[in-house]
Amino acid sequence: MFITKTDRRVIYEALFKDGVLVAKKDYDAPKHFELDVKNLYVIKALQSLTSKGYVSTQFSWQYYYYTLTAEGIDYLREYLHLPAEIVPATFKKAVRAPRPGAPRADGAYRAPRREGGDDSYRRVGGKEQAGDDFRPKFSGVGRGGPRTEA
């Protein structure tokens with residue numbers, strides 16, 4: 001299928017920026033819901049990349065989900081004339097703030113402990129037994145109705 005260079009470039013830039021692209025299986029749609037390009041052009045351009053092994057395709061619930069492969073990153077980097085430092089958003093490592101109370105790598109901060117340590121809530125003598133006078137009564141409607149003492 002003939003796709004203009006500008007449309008192909010818009011599709012490839014969007015794919016490289018995020019590393020993934022979603023397209024609804026609607027060949028008659030006037031334009032893609034994110035890009036200003038016909039939806040058919042998006043599907044066919046990415047179908048071409050899939051056949052070359054640059055993109056993996058997953059189809060579910062009438063949507064195509066396209067994901068870049070390592071070879072696809074190299075190909076798009078060359079096609080779009082981008083330096084090697086630029087990577088798609090899905091390949092960037094997310095930097096999370098350290099959780100409060102969690103020990104740091106340098107051991108500078110540690111959450112305060114409970115009085116008596118972690119074992120303070122446990123019983124000391126093992127299992128405790130109920131007294132001889134303990135006789136629970138379960139009354140109410142259940143299997144077989146209320147019980148009578150035997």
# chains A, B, ... in the order shown; residues from 1 in each chain; ligands from 1
$ residues_around --residues "range 38-40 of chain A" --least-positions-apart "6" --cutoff "6 Å" --atoms "only C-alpha atoms" --output "list of chain:residue names"
A:Tyr27, A:Ala29, A:Pro30, A:Lys31, A:His32
$ residues_around --residues "Leu46 in chain A" --least-positions-apart "3" --cutoff "12 Å" --atoms "only C-alpha atoms" --output "PyMOL selection string"
chain A and resi 1+3+8-9+11-12+14-16+20-23+39-43+49-58+64-68+72
$ closest_residue --among "A:Lys92, A:Lys24, A:Lys17, A:Lys44" --to "Leu80 in chain A" --atoms "only C-alpha atoms"
A:Lys17
$ select_by_dssp --residues "range 16-50 of chain A" --states "helix (DSSP H, G or I)" --output "list in words"
Phe16, Lys17, Asp18, Asn39, Leu40, Tyr41, Val42, Ile43, Lys44, Ala45, Leu46, Gln47, Ser48, Leu49 and Thr50 of chain A
$ closest_residue --among "A:Glu78, A:Val10, A:Ala89, A:Trp61" --to "Val37 in chain A" --atoms "only C-alpha atoms"
A:Val10
